[in-house]
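Shown here: start.txt, compact mmCIF, C-alpha atoms.
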```txt
# COMPACT_ATOMS: atom_id res chain seq x y z
CA MET A 268 99.09 29.80 118.63
CA HIS A 269 97.35 30.38 121.97
CA VAL A 270 97.18 33.99 123.21
CA MET A 271 95.93 34.73 126.73
CA VAL A 272 94.40 38.13 127.50
CA LEU A 273 94.68 39.37 131.08
CA GLY A 274 91.55 41.39 131.86
CA ALA A 275 87.97 41.32 130.55
CA GLY A 276 87.16 45.01 130.46
CA ILE A 277 86.43 46.72 127.15
CA THR A 278 90.14 46.75 126.23
CA GLY A 279 90.64 43.08 127.02
CA VAL A 280 87.48 41.86 125.29
CA THR A 281 88.10 43.87 122.11
CA THR A 282 91.68 42.56 122.11
CA ALA A 283 90.29 39.02 122.35
CA TRP A 284 87.96 39.76 119.43
CA TYR A 285 90.76 40.90 117.12
CA LEU A 286 93.01 38.03 118.12
CA ARG A 287 90.23 35.53 117.42
CA GLN A 288 89.46 37.15 114.07
CA ALA A 289 93.16 36.79 113.20
CA GLY A 290 92.90 33.05 113.79
CA PHE A 291 94.52 32.74 117.22
CA ASP A 292 93.33 30.39 119.93
CA VAL A 293 92.28 32.85 122.67
CA SER A 294 91.53 32.75 126.38
CA VAL A 295 90.74 35.57 128.83
CA ILE A 296 91.27 35.84 132.61
CA ASP A 297 89.29 38.17 134.88
CA ARG A 298 88.64 38.25 138.61
CA GLN A 299 85.03 39.34 138.18
CA ALA A 300 82.09 37.02 137.49
CA GLU A 301 81.55 38.46 134.00
CA ALA A 302 83.04 40.93 131.54
CA GLY A 303 83.04 44.71 131.90
CA GLN A 304 82.54 44.92 135.66
CA GLU A 305 85.25 47.40 136.69
CA THR A 306 86.34 50.57 134.85
CA SER A 307 84.10 49.72 131.87
CA PHE A 308 81.03 49.35 134.09
CA ALA A 309 79.56 52.88 134.18
CA ASN A 310 81.80 55.30 132.29
CA GLY A 311 80.54 58.43 130.55
CA GLY A 312 79.36 56.54 127.48
CA GLN A 313 81.05 58.74 124.88
CA ILE A 314 83.04 57.60 121.86
CA SER A 315 84.59 61.06 121.83
CA VAL A 316 86.80 61.25 118.76
CA SER A 317 86.40 65.03 118.94
CA HIS A 318 88.24 65.22 122.27
CA PRO A 319 91.80 64.06 121.55
CA GLU A 320 93.30 66.85 123.65
CA PRO A 321 94.95 65.28 126.70
CA TRP A 322 94.39 66.39 130.27
CA ALA A 323 98.06 67.38 130.19
CA ASN A 324 98.03 70.64 128.23
CA PRO A 325 99.42 74.14 128.82
CA SER A 326 96.30 75.39 130.65
CA THR A 327 95.98 72.54 133.14
CA PRO A 328 98.58 73.62 135.76
CA PHE A 329 96.85 77.01 136.11
CA LEU A 330 93.42 75.42 136.30
CA ALA A 331 94.63 72.94 138.92
CA LEU A 332 95.84 75.83 141.10
CA ARG A 333 92.45 77.53 140.73
CA TRP A 334 90.69 74.30 141.75
CA LEU A 335 92.79 73.71 144.87
CA GLY A 336 90.66 73.21 147.98
CA ARG A 337 87.35 72.94 146.11
CA HIS A 338 85.35 69.80 146.96
CA ASP A 339 83.72 69.93 143.51
CA ALA A 340 86.95 70.54 141.59
CA PRO A 341 87.08 68.68 138.24
CA LEU A 342 90.66 67.62 139.06
CA ARG A 343 91.59 66.86 142.66
CA PHE A 344 95.09 65.85 143.76
CA ARG A 345 95.45 64.13 147.12
CA PRO A 346 99.20 64.06 147.89
CA GLN A 347 100.56 60.82 149.32
CA ALA A 348 103.94 59.54 150.46
CA SER A 349 104.13 57.65 147.19
CA LEU A 350 107.09 57.80 144.84
CA SER A 351 104.95 56.55 141.94
CA GLN A 352 102.39 59.33 142.48
CA TRP A 353 105.00 62.11 142.49
CA ARG A 354 106.93 60.61 139.57
CA TRP A 355 103.69 60.47 137.60
CA ALA A 356 102.77 64.05 138.56
CA LEU A 357 106.15 65.38 137.42
CA SER A 358 105.85 63.52 134.12
CA PHE A 359 102.35 64.94 133.74
CA LEU A 360 103.72 68.49 134.11
CA HIS A 361 106.31 67.75 131.41
CA GLU A 362 103.54 66.61 129.07
CA CYS A 363 101.79 69.98 129.63
CA LEU A 364 104.47 71.69 127.53
CA PRO A 365 102.90 73.02 124.31
CA TRP A 366 104.85 70.85 121.86
CA ARG A 367 104.29 67.72 123.94
CA ALA A 368 100.56 68.41 124.19
CA LEU A 369 100.31 68.94 120.41
CA HIS A 370 102.23 65.73 119.69
CA ASN A 371 99.97 63.76 122.05
CA THR A 372 96.82 65.32 120.60
CA GLU A 373 97.83 64.32 117.08
CA ALA A 374 98.66 60.75 118.13
CA ILE A 375 95.41 60.30 120.06
CA ALA A 376 93.38 61.76 117.19
CA ALA A 377 94.90 59.36 114.66
CA LEU A 378 94.13 56.37 116.87
CA ALA A 379 90.63 57.65 117.74
CA VAL A 380 89.63 58.13 114.08
CA HIS A 381 90.89 54.62 113.28
CA SER A 382 89.21 53.18 116.35
CA GLN A 383 85.78 54.56 115.48
CA ARG A 384 85.98 53.00 112.02
CA GLU A 385 86.93 49.71 113.64
CA LEU A 386 84.08 49.95 116.17
CA GLN A 387 81.60 50.39 113.34
CA ARG A 388 83.02 47.30 111.64
CA VAL A 389 83.11 45.18 114.82
CA ARG A 390 79.51 45.79 115.87
CA VAL A 391 78.22 44.75 112.46
CA ALA A 392 80.48 41.69 112.24
CA ALA A 393 79.51 40.62 115.77
CA GLY A 394 75.82 41.41 115.24
CA ILE A 395 75.57 43.54 118.39
CA GLU A 396 74.40 46.86 116.92
CA ASP A 397 71.30 46.87 119.15
CA ALA A 398 72.95 45.49 122.29
CA TYR A 399 74.41 48.60 123.95
CA ASP A 400 72.08 51.62 123.50
CA ALA A 401 74.22 52.98 120.67
CA ARG A 402 73.52 56.46 119.30
CA GLN A 403 75.19 58.18 116.34
CA GLN A 404 73.96 61.69 117.11
CA GLY A 405 77.25 63.40 117.85
CA ILE A 406 78.64 65.25 120.84
CA LEU A 407 78.05 68.91 121.65
CA HIS A 408 80.85 70.54 123.66
CA LEU A 409 79.49 73.42 125.77
CA PHE A 410 81.39 76.54 126.87
CA PHE A 411 80.03 78.84 129.56
CA GLY A 412 82.79 81.45 129.62
CA ALA A 413 83.72 83.93 126.89
CA THR A 414 87.44 83.48 127.61
CA GLU A 415 87.46 79.72 127.00
CA PHE A 416 85.11 80.03 124.04
CA ARG A 417 87.49 82.49 122.36
CA HIS A 418 89.88 79.58 121.66
CA VAL A 419 87.23 77.31 120.13
CA PRO A 420 87.64 78.37 116.45
CA ALA A 421 91.35 77.51 116.60
CA ARG A 422 90.52 74.19 118.26
CA ALA A 423 87.95 73.44 115.56
CA GLY A 424 90.54 74.19 112.90
CA LEU A 425 93.03 71.78 114.49
CA LEU A 426 90.40 69.05 114.73
CA ARG A 427 89.44 69.47 111.09
CA ARG A 428 93.12 69.24 110.12
CA LEU A 429 93.23 65.95 112.04
CA GLY A 430 90.27 64.62 110.07
CA ILE A 431 87.58 65.26 112.71
CA GLU A 432 84.48 67.17 111.57
CA THR A 433 83.41 69.96 113.92
CA THR A 434 81.33 73.15 113.76
CA VAL A 435 81.54 76.19 116.04
CA CYS A 436 78.05 77.07 117.30
CA THR A 437 76.32 80.07 118.83
CA PRO A 438 74.06 79.46 121.86
CA ALA A 439 71.02 79.54 119.58
CA GLU A 440 72.60 76.99 117.26
CA CYS A 441 73.37 74.77 120.27
CA VAL A 442 69.69 74.82 121.23
CA ALA A 443 68.69 74.05 117.63
CA ILE A 444 70.91 70.96 117.73
CA GLU A 445 69.67 69.95 121.20
CA PRO A 446 66.39 71.57 122.33
CA ALA A 447 66.87 70.27 125.90
CA LEU A 448 69.50 73.02 126.30
CA ALA A 449 66.88 75.78 126.16
CA THR A 450 67.01 76.47 129.92
CA MET A 451 70.78 76.92 129.92
CA ALA A 452 71.01 78.95 126.70
CA PRO A 453 71.27 82.33 128.54
CA THR A 454 74.43 81.15 130.31
CA LEU A 455 76.12 79.62 127.25
CA ALA A 456 78.94 81.36 125.43
CA GLY A 457 78.76 78.84 122.59
CA GLY A 458 79.50 75.29 121.59
CA LEU A 459 81.49 72.96 119.38
CA HIS A 460 79.46 70.30 117.60
CA ALA A 461 81.04 67.02 116.48
CA PRO A 462 78.28 65.28 114.48
CA GLY A 463 80.32 62.13 113.83
CA ASP A 464 80.82 61.18 117.47
CA GLU A 465 78.84 58.39 119.11
CA THR A 466 77.64 57.16 122.49
CA GLY A 467 76.73 53.83 124.02
CA ASP A 468 76.94 51.72 127.15
CA ALA A 469 80.50 50.37 127.27
CA MET A 470 79.63 47.64 129.77
CA HIS A 471 76.75 46.32 127.66
CA PHE A 472 78.97 46.39 124.56
CA THR A 473 81.71 44.49 126.39
CA ARG A 474 79.34 41.83 127.71
CA ALA A 475 77.65 41.38 124.33
CA LEU A 476 80.98 41.01 122.53
CA ALA A 477 82.24 38.59 125.20
CA ALA A 478 79.13 36.44 124.70
CA VAL A 479 79.81 36.28 120.94
CA LEU A 480 83.43 35.34 121.60
CA ALA A 481 82.43 32.60 124.05
CA ARG A 482 80.15 31.10 121.38
CA ASP A 483 83.10 31.27 118.98
CA GLY A 484 85.34 29.22 121.24
CA VAL A 485 87.16 31.84 123.32
CA ARG A 486 87.61 30.54 126.87
CA PHE A 487 86.79 32.98 129.67
CA HIS A 488 88.25 32.23 133.10
CA TYR A 489 85.91 34.37 135.22
CA GLY A 490 86.20 34.59 139.00
CA THR A 491 89.93 34.01 138.56
CA THR A 492 92.41 36.30 140.32
CA ILE A 493 95.88 36.70 138.86
CA GLU A 494 98.41 36.17 141.64
CA ARG A 495 101.61 36.48 139.65
CA ILE A 496 103.08 36.44 136.17
CA ALA A 497 105.70 33.68 136.32
CA LEU A 498 109.02 33.91 134.49
CA ALA A 499 111.39 31.26 133.21
CA GLY A 500 114.60 33.17 132.60
CA THR A 501 113.54 36.30 130.72
CA SER A 502 110.33 34.90 129.23
CA VAL A 503 106.85 34.51 130.69
CA ASP A 504 106.22 30.91 131.72
CA GLY A 505 102.61 31.13 132.87
CA ILE A 506 100.02 32.99 134.94
CA GLU A 507 99.61 31.88 138.53
CA VAL A 508 95.95 32.23 139.51
CA ARG A 509 93.48 31.61 142.30
CA ASP A 510 89.83 30.81 141.60
CA SER A 511 86.77 31.92 143.59
CA HIS A 512 87.06 28.79 145.78
CA GLY A 513 90.64 29.61 146.76
CA ARG A 514 92.16 26.91 144.54
CA LYS A 515 95.49 27.84 142.98
CA GLY A 516 96.96 26.83 139.64
CA THR A 517 98.92 28.02 136.61
CA LEU A 518 97.46 28.88 133.20
CA THR A 519 99.80 28.84 130.20
CA ALA A 520 99.79 30.12 126.63
CA ASP A 521 102.19 30.98 123.82
CA ALA A 522 101.74 34.74 124.34
CA TYR A 523 100.05 37.04 126.86
CA VAL A 524 98.49 40.51 126.57
CA VAL A 525 98.18 42.73 129.66
CA CYS A 526 94.84 44.60 129.62
CA LEU A 527 94.54 45.14 133.37
CA GLY A 528 93.94 48.88 133.41
CA SER A 529 95.11 50.65 136.57
CA PHE A 530 96.41 47.37 137.99
CA SER A 531 98.77 46.72 135.08
CA PRO A 532 101.84 48.39 136.66
CA LEU A 533 101.36 46.45 139.91
CA MET A 534 101.25 43.16 138.03
CA VAL A 535 104.35 43.71 135.89
CA ARG A 536 106.56 45.55 138.40
CA PRO A 537 108.03 42.26 139.76
CA LEU A 538 109.15 41.52 136.17
CA GLY A 539 111.27 44.68 136.12
CA GLU A 540 108.75 46.62 134.03
CA ARG A 541 107.71 50.14 135.05
CA LEU A 542 104.56 51.33 133.35
CA PRO A 543 103.76 55.05 133.80
CA ILE A 544 100.15 54.42 134.76
CA TYR A 545 98.40 55.98 137.73
CA PRO A 546 94.79 55.30 138.83
CA VAL A 547 92.59 58.37 138.40
CA LYS A 548 89.22 57.94 140.07
CA GLY A 549 86.18 59.14 138.16
CA TYR A 550 82.52 59.26 139.16
CA SER A 551 79.22 58.84 137.38
CA ILE A 552 75.53 58.78 138.14
CA THR A 553 72.99 56.81 136.13
CA ALA A 554 69.35 57.77 136.50
CA PRO A 555 66.09 56.97 134.72
CA VAL A 556 64.77 59.65 132.41
CA ALA A 557 61.79 61.37 134.05
CA ASP A 558 60.82 63.65 131.15
CA PRO A 559 62.03 62.62 127.66
CA ALA A 560 61.52 66.14 126.35
CA ARG A 561 63.99 67.53 128.89
CA ALA A 562 66.62 64.81 128.56
CA PRO A 563 69.12 65.43 125.76
CA GLN A 564 69.34 63.13 122.77
CA VAL A 565 72.74 64.51 121.77
CA SER A 566 75.63 63.76 124.12
CA LEU A 567 76.94 66.81 126.00
CA THR A 568 80.33 67.80 127.39
CA ASP A 569 80.57 70.70 129.82
CA GLU A 570 84.12 71.85 129.07
CA SER A 571 84.43 74.05 132.16
CA ARG A 572 83.40 71.36 134.66
CA ARG A 573 84.72 68.35 132.70
CA ILE A 574 81.31 66.69 132.97
CA VAL A 575 79.80 64.55 130.21
CA CYS A 576 76.19 63.49 129.73
CA SER A 577 74.97 60.65 127.51
CA ARG A 578 71.50 59.29 126.77
CA LEU A 579 71.52 55.49 127.11
CA GLY A 580 68.04 54.32 126.14
CA ASP A 581 65.69 55.39 128.94
CA ARG A 582 68.62 56.30 131.22
CA LEU A 583 70.88 59.32 131.49
CA ARG A 584 74.54 58.77 132.36
CA ILE A 585 76.36 61.83 133.75
CA ALA A 586 80.04 61.46 134.56
CA GLY A 587 83.03 63.53 135.50
CA THR A 588 85.74 64.53 137.94
CA ALA A 589 89.25 63.18 138.25
CA GLU A 590 90.82 62.35 141.60
CA LEU A 591 94.44 61.27 142.14
CA ASN A 592 94.21 59.29 145.35
CA GLY A 593 96.02 56.03 144.67
CA TYR A 594 94.01 52.82 144.56
CA ASN A 595 91.41 54.14 146.99
CA GLN A 596 88.05 53.12 145.53
CA ASN A 597 85.88 54.54 148.33
CA ILE A 598 83.00 56.61 147.01
CA ASP A 599 82.91 60.23 148.18
CA PRO A 600 79.18 61.19 148.29
CA ALA A 601 80.11 64.86 147.83
CA ARG A 602 81.52 64.10 144.37
CA GLY A 603 78.27 62.40 143.42
CA ARG A 604 76.23 65.32 144.76
CA GLY A 605 78.26 67.68 142.60
CA ILE A 606 77.36 65.73 139.46
CA LEU A 607 73.70 65.52 140.52
CA GLU A 608 73.61 69.27 141.19
CA TRP A 609 74.96 69.85 137.67
CA ALA A 610 72.08 67.80 136.25
CA GLU A 611 69.45 69.58 138.32
CA LYS A 612 70.82 73.00 137.38
CA HIS A 613 71.37 72.45 133.65
CA LEU A 614 68.74 69.82 132.84
CA PRO A 615 65.96 70.44 135.37
CA GLY A 616 63.31 67.75 135.42
CA ALA A 617 65.19 65.48 133.01
CA ILE A 618 65.94 62.68 135.50
CA ASP A 619 64.55 61.18 138.67
CA PRO A 620 67.30 62.09 141.19
CA ALA A 621 65.86 59.78 143.85
CA GLN A 622 66.74 56.79 141.67
CA ALA A 623 70.21 57.98 140.63
CA GLN A 624 72.90 55.31 141.08
CA LEU A 625 76.34 56.58 142.05
CA TRP A 626 79.46 54.76 140.84
CA ALA A 627 83.21 55.33 140.92
CA GLY A 628 85.96 53.63 138.96
CA LEU A 629 89.72 53.87 138.45
CA ARG A 630 90.87 55.11 135.06
CA PRO A 631 94.36 53.90 134.06
CA ALA A 632 95.99 57.21 133.15
CA THR A 633 99.40 57.84 131.64
CA PRO A 634 100.91 61.34 131.96
CA SER A 635 100.54 61.89 128.20
CA ASN A 636 97.10 60.24 127.85
CA LEU A 637 98.67 57.92 125.26
CA PRO A 638 97.89 54.26 125.93
CA ILE A 639 100.75 51.78 126.22
CA ILE A 640 100.60 49.44 123.24
CA GLY A 641 103.45 47.12 122.33
CA LYS A 642 105.89 44.47 123.45
CA SER A 643 107.31 43.96 126.94
CA ARG A 644 110.98 43.39 127.70
CA CYS A 645 109.91 39.94 128.84
CA GLY A 646 109.42 37.39 126.10
CA LYS A 647 105.83 36.46 125.11
CA LEU A 648 104.34 39.46 126.95
CA TRP A 649 102.50 42.37 125.30
CA PHE A 650 100.73 45.49 126.57
CA ASN A 651 97.44 47.12 125.64
CA THR A 652 96.65 49.30 128.63
CA GLY A 653 96.71 52.83 130.07
CA HIS A 654 93.83 54.36 128.09
CA GLY A 655 92.78 56.83 130.81
CA THR A 656 89.45 58.50 130.06
CA LEU A 657 89.45 57.25 126.45
CA GLY A 658 89.13 53.49 126.87
CA TRP A 659 85.74 53.36 125.11
CA THR A 660 86.95 55.70 122.37
CA LEU A 661 90.24 53.91 121.65
CA ALA A 662 89.37 50.28 122.46
CA CYS A 663 88.86 48.81 119.00
CA GLY A 664 91.72 50.69 117.38
CA SER A 665 94.14 49.72 120.14
CA ALA A 666 93.07 46.08 119.93
CA ASP A 667 93.67 46.13 116.18
CA LEU A 668 97.13 47.62 116.70
CA VAL A 669 98.34 45.13 119.30
CA THR A 670 96.96 42.21 117.30
CA GLY A 671 98.82 43.44 114.23
CA MET A 672 102.04 43.61 116.22
CA ILE A 673 101.60 40.06 117.49
CA GLU A 674 100.91 38.90 113.94
CA GLY A 675 103.90 40.83 112.64
CA ARG A 676 101.86 42.78 110.10
CA GLN A 677 102.13 46.46 109.22
CA THR A 678 99.60 48.59 111.12
CA VAL A 679 97.50 51.14 109.24
CA VAL A 680 97.78 53.99 111.77
CA GLN A 681 100.89 55.79 112.93
CA PHE A 682 101.09 55.60 116.71
CA PRO A 683 104.04 55.69 119.17
CA VAL A 684 104.11 52.02 120.17
CA ARG A 685 105.83 50.67 123.27
CA GLU A 686 109.17 49.16 122.20
CA ALA A 687 110.81 46.37 124.19
CA GLY A 688 114.26 46.94 125.66
```
Structure rendered as structure tokens:
Amino acid sequence: MHVMVLGAGITGVTTAWYLRQAGFDVSVIDRQAEAGQETSFANGGQISVSHPEPWANPSTPFLALRWLGRHDAPLRFRPQASLSQWRWALSFLHECLPWRALHNTEAIAALAVHSQRELQRVRVAAGIEDAYDARQQGILHLFFGATEFRHVPARAGLLRRLGIETTVCTPAECVAIEPALATMAPTLAGGLHAPGDETGDAMHFTRALAAVLARDGVRFHYGTTIERIALAGTSVDGIEVRDSHGRKGTLTADAYVVCLGSFSPLMVRPLGERLPIYPVKGYSITAPVADPARAPQVSLTDESRRIVCSRLGDRLRIAGTAELNGYNQNIDPARGRGILEWAEKHLPGAIDPAQAQLWAGLRPATPSNLPIIGKSRCGKLWFNTGHGTLGWTLACGSADLVTGMIEGRQTVVQFPVREAG
């Protein structure tokens, strides 16, 4: 059976891996010249099992109001005359209800725990443990206000109930875990340490895994733009494509998996499918480490600013912000300056700011933060998309789930799958 994966980001390539391991004949289509060149290219680097809480939670509407008008706001909403944007925003508000947020947190946590186990298995099986600057030194969540830190013990208790090890830390204990925090210790209210979390370069992982798959017989159609998913009656009949030379053709398979991130809803809308995915633009800077003693070894998350920081070999990746502005991929220098200012304030001397590279990408966000995994209403078509900010965290687990569904086997993790019809 031939299965074609649409998209060669981290979700698409891990899906191809699981399909190939299950014995399927696999091919992958992507418009870029190689794997991992869009949303997977320069994300925050965290495999953050300890952060299953969705953006949509009871506190977010109040925070969003407080952030209105701020150029450096962690979440920025740019209203448009777009029905899809407003429909998504209203659904997002619904998911902020306490019982919805708890349900989504539990579902994401179950998939994240499973996904990390799968990641550990995949990298050994593929022989790519040293290919992507992987670190297993945990994540330290930082809190700078007493009010937000007051809720941390309850959060730690919930995470432990969900099978995620965490420890509530004083400022001094945070510095003991990561000495590079010494300069910011006076401003810290405390931290939450998740020693089992990991970091790594998602793009390097994706490219390394794609190279292994290519050697194993998976066909990658790079530089190939998907024009349309063709139907014959109610079933997919092929993928109409255009190559880098402008030549058009149709690629066919026995089944197809949509892993196109933010562009998934645009591709399947003509089929009568409406996926609740909206592009949320995020920014990152990547800079060489100037002073190893001042650059953290442990990954950091500033919970108040929604900024994450990961050590990737001799580089530091600092990422954050969320901007709802449609498919606009223009880079706003002010957003990059805000991230750079955070680094200079909290980790002075750690990086060379003159060599910092600014990047922006579109995260495929659902209102609930739950990815869309399951079968389409159209025959032969499956979904594995909509992972939002957790694509790196959930990639391997999601790929295992969708492959199991295609095989018809029982999956090992309880997750609300996308049902056809």
### Query
Smallest atom-to-atom distance to Leu567 in chain A: which of A:Gly505, A:Pro321, A:Gly405, A:Gly290, using all atoms listed in the file?
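The closest residue to Leu567 in chain A is A:Gly405.
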### Message
List as a PyMOL selection string the protein and nucleic acid residues near Val680 in chain A, meaning an atom at most 8 Å away when all atoms listed in the file are counted, but skip any in the same chain fewer than 3 places from it.
### Response
chain A and resi 377-378+381
For the selection just defined, write its residues with C-alpha atoms to a file, as an mmCIF file, keeping the file's coordinate frame.
```
data_model
loop_
_atom_site.group_PDB
_atom_site.id
_atom_site.type_symbol
_atom_site.label_atom_id
_atom_site.label_comp_id
_atom_site.auth_asym_id
_atom_site.auth_seq_id
_atom_site.Cartn_x
_atom_site.Cartn_y
_atom_site.Cartn_z
ATOM 1 C CA ALA A 377 94.900 59.360 114.660
ATOM 2 C CA LEU A 378 94.130 56.370 116.870
ATOM 3 C CA HIS A 381 90.890 54.620 113.280
#
```
### Query
Looking at all atoms listed in the file, which of A:Gly528, A:Gly671, A:Pro615, A:Gly458 is the one that sits closest to Ile277 in chain A?
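Using all atoms listed in the file, the shortest distance to Ile277 in chain A belongs to A:Gly528.
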#### Entry: Selection near Leu360 in chain A, 9 Å with all atoms listed in the file, sequence-local residues under 2 positions removed, as a PyMOL selection string
chain A and resi 323-325+327-328+355-358+362-364+634
### Query
Neighbours of range 508-517 of chain A within 8 Å (all atoms listed in the file; same-chain residues fewer than 6 positions away dropped), as number ranges by chain?
A: 490-495
### Between CA of Glu385 in chain A and CA of Asp468 in chain A - distance in Å to one decimal
16.9 Å
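By all atoms listed in the file, and with residues fewer than 2 positions from Asp297 in chain A along its chain excluded, the set lying at most 9 Å from it is Val272, Leu273, Gly274, Ala275, Gly276, Val295, Gln299, Ala300, Glu301, Ala302, Phe487, His488, Tyr489, Gly490, Thr491, Thr492, Ile493 and Leu527 of chain A.
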#### Entry: Among the residues A:Arg354, A:His361, A:Arg604, A:His318, the one that comes closest to Ala423 in chain A [using all atoms listed in the file]
A:His318
#### Entry: Computed interatomic separation between CA of Ala376 in chain A and CA of Glu540 in chain A (Å)
27.4 Å
### Query
Do you have the CA of Gln403 in chain A-CA of Glu465 in chain A distance handy?
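So the answer is 4.6 Å.
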### Message
I need the residue nearest Pro365 in chain A from this list: A:Asp397, A:Asp581, A:Asp483, A:Glu320. Use only C-alpha atoms for the distance.
### Response
A:Glu320
Mind working out the centre and edge lengths of an axis-aligned box for range 442-458 of chain A, all listed atoms inside, 8 Å added to each side, rounded to one decimal in Å and written as AutoDock Vina command-line options?
```
--center_x 72.9 --center_y 76.1 --center_z 124.0 --size_x 29.1 --size_y 28.4 --size_z 28.7
```
### Query
Using all atoms listed in the file, which of the listed residues (A:Trp353, A:Trp366, A:Tyr399, A:Phe650) sits closest to Gly279 in chain A?
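Closest candidate: A:Phe650.
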#### Entry: Top pick for closest residue to Gly467 in chain A, considering A:Cys436, A:Ile314, A:Ala601, A:Ala617 and counting only C-alpha atoms
A:Ile314
